[in-house]
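Enquirer: What follows is a single structure, and I will ask about it in a moment.
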Amino acid sequence: MSNFSLDGKTVIVTGGAGGLGRSMCANFAQAGANVVVASRSEEKIAAEAAKIREEGHSALAITVDVTDETQVHSLIEQTVSAFGAVDVIVNNAGRWGRSYEAEDTPLGEWRTVVDQNLTGVFLPCMAAGKQMIKQQSGKIINIASTAGSKGNPYQLHYSAAKAGVVSLTNNLAFMWAKHNINVNCVLPGLIATDELKGYGIIPADTDAEGNPIPRLELTPSPDNVADLTLFLASPASDALTGELYPIRAWMKSERFWQ
């Protein structure tokens with residue numbers, strides 16, 4: 001199990017106070033990492049970092065708007081000042097957009113969603129990547145979506161932005177391989193976060209007769225995403241770069257539009 005240890009490593013998680021981010025941060029801390037919980041919400045990330053420290057692990061909360069270049073550079077600078085390096089960054093921050101018929105997608109909404117989901121990955125990749133080039137090592141894990149591979153009707157802006165993250169990942173994996181920087185991409189499908197459970201869109205775990213749904217037909221949990229990002233952050237994935245890793249149940253809706 002030593003290949004999955006992150007003892008002494010420093011991991012940044014953007015969107016660290018969200019449904020996926022909280023599980024990732026907890027996993028990284030338990031693996032021995034110094035965890036930087038990053039998000040726009042100072043109150044939320046402070047609470048998450050405090051929870052990690054209360055459990056005997058190392059954590060720091062840093063506020064950042066990932067679409068602001070100055071704030072992103074400050075995130076990297078503060079991390080290096082505190083821990084000496086940036087070994088892993090998980091670009092998890094992002095958001096859905098409102099749903100529209102394709103021809104009705106407003107330009108303003110397009111720009112906002114693309115900025116948050118694509119530019120908000122590009123800027124941390126650039127800032128962390130420059131630090132990792134100095135170190136001649138590092139791991140970048142970009143969180144995209146199955147919307148970026150199969151599309152997501154009525155979410156033209158979100159799908160296009162997530163497809164851009166896939167392309168960004170592939171290009172950086174090629175261009176930074178010479179610097180020993182692994183760049184990989186996780187593509188969650190529908191995940192049973194607290195937010196989505198609240199919207200009532202997560203299928204039940206039993207059928208109409210009360211029988212359990214088979215495990216591989218259940219909606220994955222945030223812990224499933226966190227486990228994959230832990231693997232990609234750990235030495236166990238040292239030979240992997242430029243790869244796409246979907247996380248989705250075996251349901252027709254996760255593979256096809258209809």
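Scheme for the structure tokens: letters A, B, ... for chains in order shown; per-chain residue numbers from 1; ligand numbers from 1 in order shown.
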With a distance cut-off of 12 Å and only C-alpha atoms, select the neighbouring residues of A:Ser253, excluding the residue or stretch itself and same-chain residues fewer than 5 positions from it, and output the selection as a list in words.
Expert: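 That gives Thr146, Ala147, Lys150, Gly151, Asn152, Pro153, Gly189, Leu190, Pro203, Glu217, Thr219, Arg248 and Gln258 of chain A.
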Enquirer: Just write the chosen residues, C-alpha atoms, as a PDB file, in the first residue's frame.
Expert:
```
ATOM      1  CA  THR A 146     -18.884  12.996 -19.256  1.00  0.00           C
ATOM      2  CA  ALA A 147     -20.636  16.031 -20.755  1.00  0.00           C
ATOM      3  CA  LYS A 150     -20.618  12.516 -24.963  1.00  0.00           C
ATOM      4  CA  GLY A 151     -22.230  15.936 -24.729  1.00  0.00           C
ATOM      5  CA  ASN A 152     -25.117  17.116 -22.582  1.00  0.00           C
ATOM      6  CA  PRO A 153     -28.092  18.485 -24.544  1.00  0.00           C
ATOM      7  CA  GLY A 189     -21.096  11.412 -14.801  1.00  0.00           C
ATOM      8  CA  LEU A 190     -24.060  11.779 -12.478  1.00  0.00           C
ATOM      9  CA  PRO A 203     -32.153   7.401  -8.717  1.00  0.00           C
ATOM     10  CA  GLU A 217     -26.221   0.307 -11.669  1.00  0.00           C
ATOM     11  CA  THR A 219     -25.084   6.272  -9.030  1.00  0.00           C
ATOM     12  CA  ARG A 248     -20.356   6.595 -14.176  1.00  0.00           C
ATOM     13  CA  GLN A 258     -31.584   8.933 -24.995  1.00  0.00           C
TER      14      GLN A 258
END
```
Enquirer: If DSSP is run on the backbone, what residues of stretch 12-255 of chain A are helix (DSSP H, G or I)? A reply as a compact mmCIF listing (two decimals) with C-alpha atoms, in the first residue's frame would be ideal.
Expert:
```txt
# COMPACT_ATOMS: atom_id res chain seq x y z
CA GLY A 19 -19.51 17.91 -2.68
CA LEU A 20 -16.63 16.28 -4.55
CA GLY A 21 -13.94 18.51 -3.06
CA ARG A 22 -14.71 17.60 0.56
CA SER A 23 -14.30 13.88 -0.14
CA MET A 24 -11.07 14.48 -2.04
CA CYS A 25 -9.57 16.61 0.71
CA ALA A 26 -10.45 14.04 3.38
CA ASN A 27 -8.92 11.23 1.31
CA PHE A 28 -5.71 13.13 0.61
CA ALA A 29 -5.33 14.03 4.29
CA GLN A 30 -5.78 10.42 5.38
CA GLU A 42 -13.58 31.62 2.99
CA GLU A 43 -16.00 30.40 5.65
CA LYS A 44 -16.56 27.00 4.04
CA ILE A 45 -12.92 26.21 3.30
CA ALA A 46 -11.86 27.34 6.77
CA ALA A 47 -14.35 24.88 8.26
CA GLU A 48 -13.09 22.04 6.05
CA ALA A 49 -9.44 22.74 6.85
CA ALA A 50 -10.23 22.91 10.56
CA LYS A 51 -12.02 19.55 10.38
CA ILE A 52 -8.96 17.97 8.76
CA ARG A 53 -6.62 19.42 11.38
CA GLU A 54 -8.90 18.22 14.19
CA GLU A 69 -5.04 35.21 -12.63
CA THR A 70 -3.64 37.25 -9.74
CA GLN A 71 -5.52 35.21 -7.14
CA VAL A 72 -4.44 31.94 -8.76
CA HIS A 73 -0.77 32.97 -8.68
CA SER A 74 -1.23 33.93 -5.03
CA LEU A 75 -2.66 30.46 -4.32
CA ILE A 76 0.50 28.83 -5.64
CA GLU A 77 2.79 31.31 -3.89
CA GLN A 78 1.05 30.83 -0.53
CA THR A 79 1.19 27.05 -0.91
CA VAL A 80 4.91 27.04 -1.70
CA SER A 81 5.56 29.44 1.16
CA ALA A 82 3.73 27.15 3.60
CA PHE A 83 4.88 23.73 2.39
CA ALA A 102 -29.00 25.33 -28.31
CA GLU A 103 -30.11 28.29 -30.45
CA ASP A 104 -31.28 30.19 -27.36
CA LEU A 107 -23.73 34.88 -25.07
CA GLY A 108 -23.34 36.22 -21.53
CA GLU A 109 -24.16 32.83 -20.01
CA TRP A 110 -21.83 31.12 -22.48
CA ARG A 111 -18.95 33.38 -21.47
CA THR A 112 -19.59 32.92 -17.75
CA VAL A 113 -19.81 29.12 -17.89
CA VAL A 114 -16.79 28.75 -20.19
CA ASP A 115 -14.80 31.14 -18.02
CA GLN A 116 -15.51 29.23 -14.82
CA ASN A 117 -15.17 25.71 -16.23
CA LEU A 118 -12.35 26.12 -18.76
CA THR A 119 -10.42 29.29 -17.95
CA GLY A 120 -10.78 28.28 -14.28
CA VAL A 121 -8.80 25.12 -15.11
CA PHE A 122 -6.35 26.76 -17.54
CA LEU A 123 -5.11 29.39 -15.06
CA PRO A 124 -4.34 26.94 -12.19
CA CYS A 125 -2.71 24.58 -14.68
CA MET A 126 -0.42 27.38 -15.85
CA ALA A 127 0.47 28.63 -12.37
CA ALA A 128 0.98 25.18 -10.85
CA GLY A 129 2.71 23.94 -14.00
CA LYS A 130 5.36 26.66 -13.82
CA GLN A 131 6.11 25.67 -10.23
CA MET A 132 6.21 21.99 -11.19
CA ILE A 133 8.62 22.74 -14.06
CA LYS A 134 10.96 24.29 -11.48
CA GLN A 135 10.60 21.16 -9.36
CA ALA A 147 -20.64 16.03 -20.76
CA GLY A 148 -17.25 16.82 -22.30
CA SER A 149 -17.03 13.44 -24.03
CA LYS A 150 -20.62 12.52 -24.96
CA LEU A 156 -24.14 23.60 -24.81
CA HIS A 157 -21.83 25.95 -22.88
CA TYR A 158 -21.02 23.47 -20.10
CA SER A 159 -20.39 20.59 -22.53
CA ALA A 160 -18.10 22.70 -24.71
CA ALA A 161 -16.14 23.93 -21.69
CA LYS A 162 -15.64 20.41 -20.34
CA ALA A 163 -14.58 19.19 -23.80
CA GLY A 164 -12.03 22.00 -23.70
CA VAL A 165 -10.70 20.65 -20.40
CA VAL A 166 -10.21 17.25 -22.05
CA SER A 167 -8.24 18.86 -24.89
CA LEU A 168 -6.22 21.00 -22.48
CA THR A 169 -5.32 17.87 -20.53
CA ASN A 170 -4.12 16.03 -23.63
CA ASN A 171 -1.97 18.92 -24.82
CA LEU A 172 -0.35 19.55 -21.44
CA ALA A 173 0.34 15.85 -20.93
CA PHE A 174 2.34 15.84 -24.16
CA MET A 175 4.10 19.18 -23.66
CA TRP A 176 5.04 18.66 -19.99
CA ALA A 177 6.02 14.99 -20.06
CA LYS A 178 9.66 16.10 -20.41
CA HIS A 179 9.31 17.82 -17.02
CA ASP A 194 -25.73 16.11 -1.37
CA GLU A 195 -26.64 18.92 -3.79
CA LEU A 196 -27.96 16.58 -6.46
CA LYS A 197 -29.76 14.45 -3.89
CA GLY A 198 -31.50 17.64 -2.81
CA TYR A 199 -32.68 18.23 -6.38
CA ARG A 215 -24.04 -2.12 -7.33
CA LEU A 216 -22.88 -1.28 -10.85
CA GLU A 217 -26.22 0.31 -11.67
CA PRO A 222 -18.23 11.47 -4.17
CA ASP A 223 -16.02 8.91 -2.41
CA ASN A 224 -15.69 6.99 -5.68
CA VAL A 225 -14.35 10.13 -7.37
CA ALA A 226 -12.06 10.81 -4.42
CA ASP A 227 -10.60 7.30 -4.59
CA LEU A 228 -9.71 7.74 -8.26
CA THR A 229 -8.08 11.12 -7.68
CA LEU A 230 -6.06 9.60 -4.81
CA PHE A 231 -4.78 6.93 -7.19
CA LEU A 232 -3.86 9.56 -9.80
CA ALA A 233 -2.10 11.67 -7.16
CA PRO A 235 3.07 7.03 -6.96
CA ALA A 236 0.87 4.14 -8.15
CA SER A 237 -0.02 6.22 -11.24
CA LYS A 252 -28.16 3.91 -20.57
CA SER A 253 -28.47 7.61 -19.75
CA GLU A 254 -24.77 7.71 -18.83
CA ARG A 255 -23.70 6.29 -22.18
```
Enquirer: Can you work out which one of A:Arg95, A:Ser5, A:Gly32, A:Tyr154 has the shortest atom-to-atom distance to A:Glu55, counting only C-alpha atoms?
Expert: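 Of A:Arg95, A:Ser5, A:Gly32, A:Tyr154, the one nearest A:Glu55, counting only C-alpha atoms, is A:Gly32.
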Enquirer: Could you check how far atom CA of A:Ser145 sits from atom CA of A:Pro246, in Å to one decimal?
Expert: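 Between atom CA of A:Ser145 and atom CA of A:Pro246 the gap is 7.7 Å.
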Enquirer: Could you tell me which of A:Val35, A:Leu60, A:Val88, A:Ala93 comes closest to A:Gly15 if we count only C-alpha atoms?
Expert: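 Going through A:Val35, A:Leu60, A:Val88, A:Ala93 one by one, the smallest distance to A:Gly15 is for A:Ala93.
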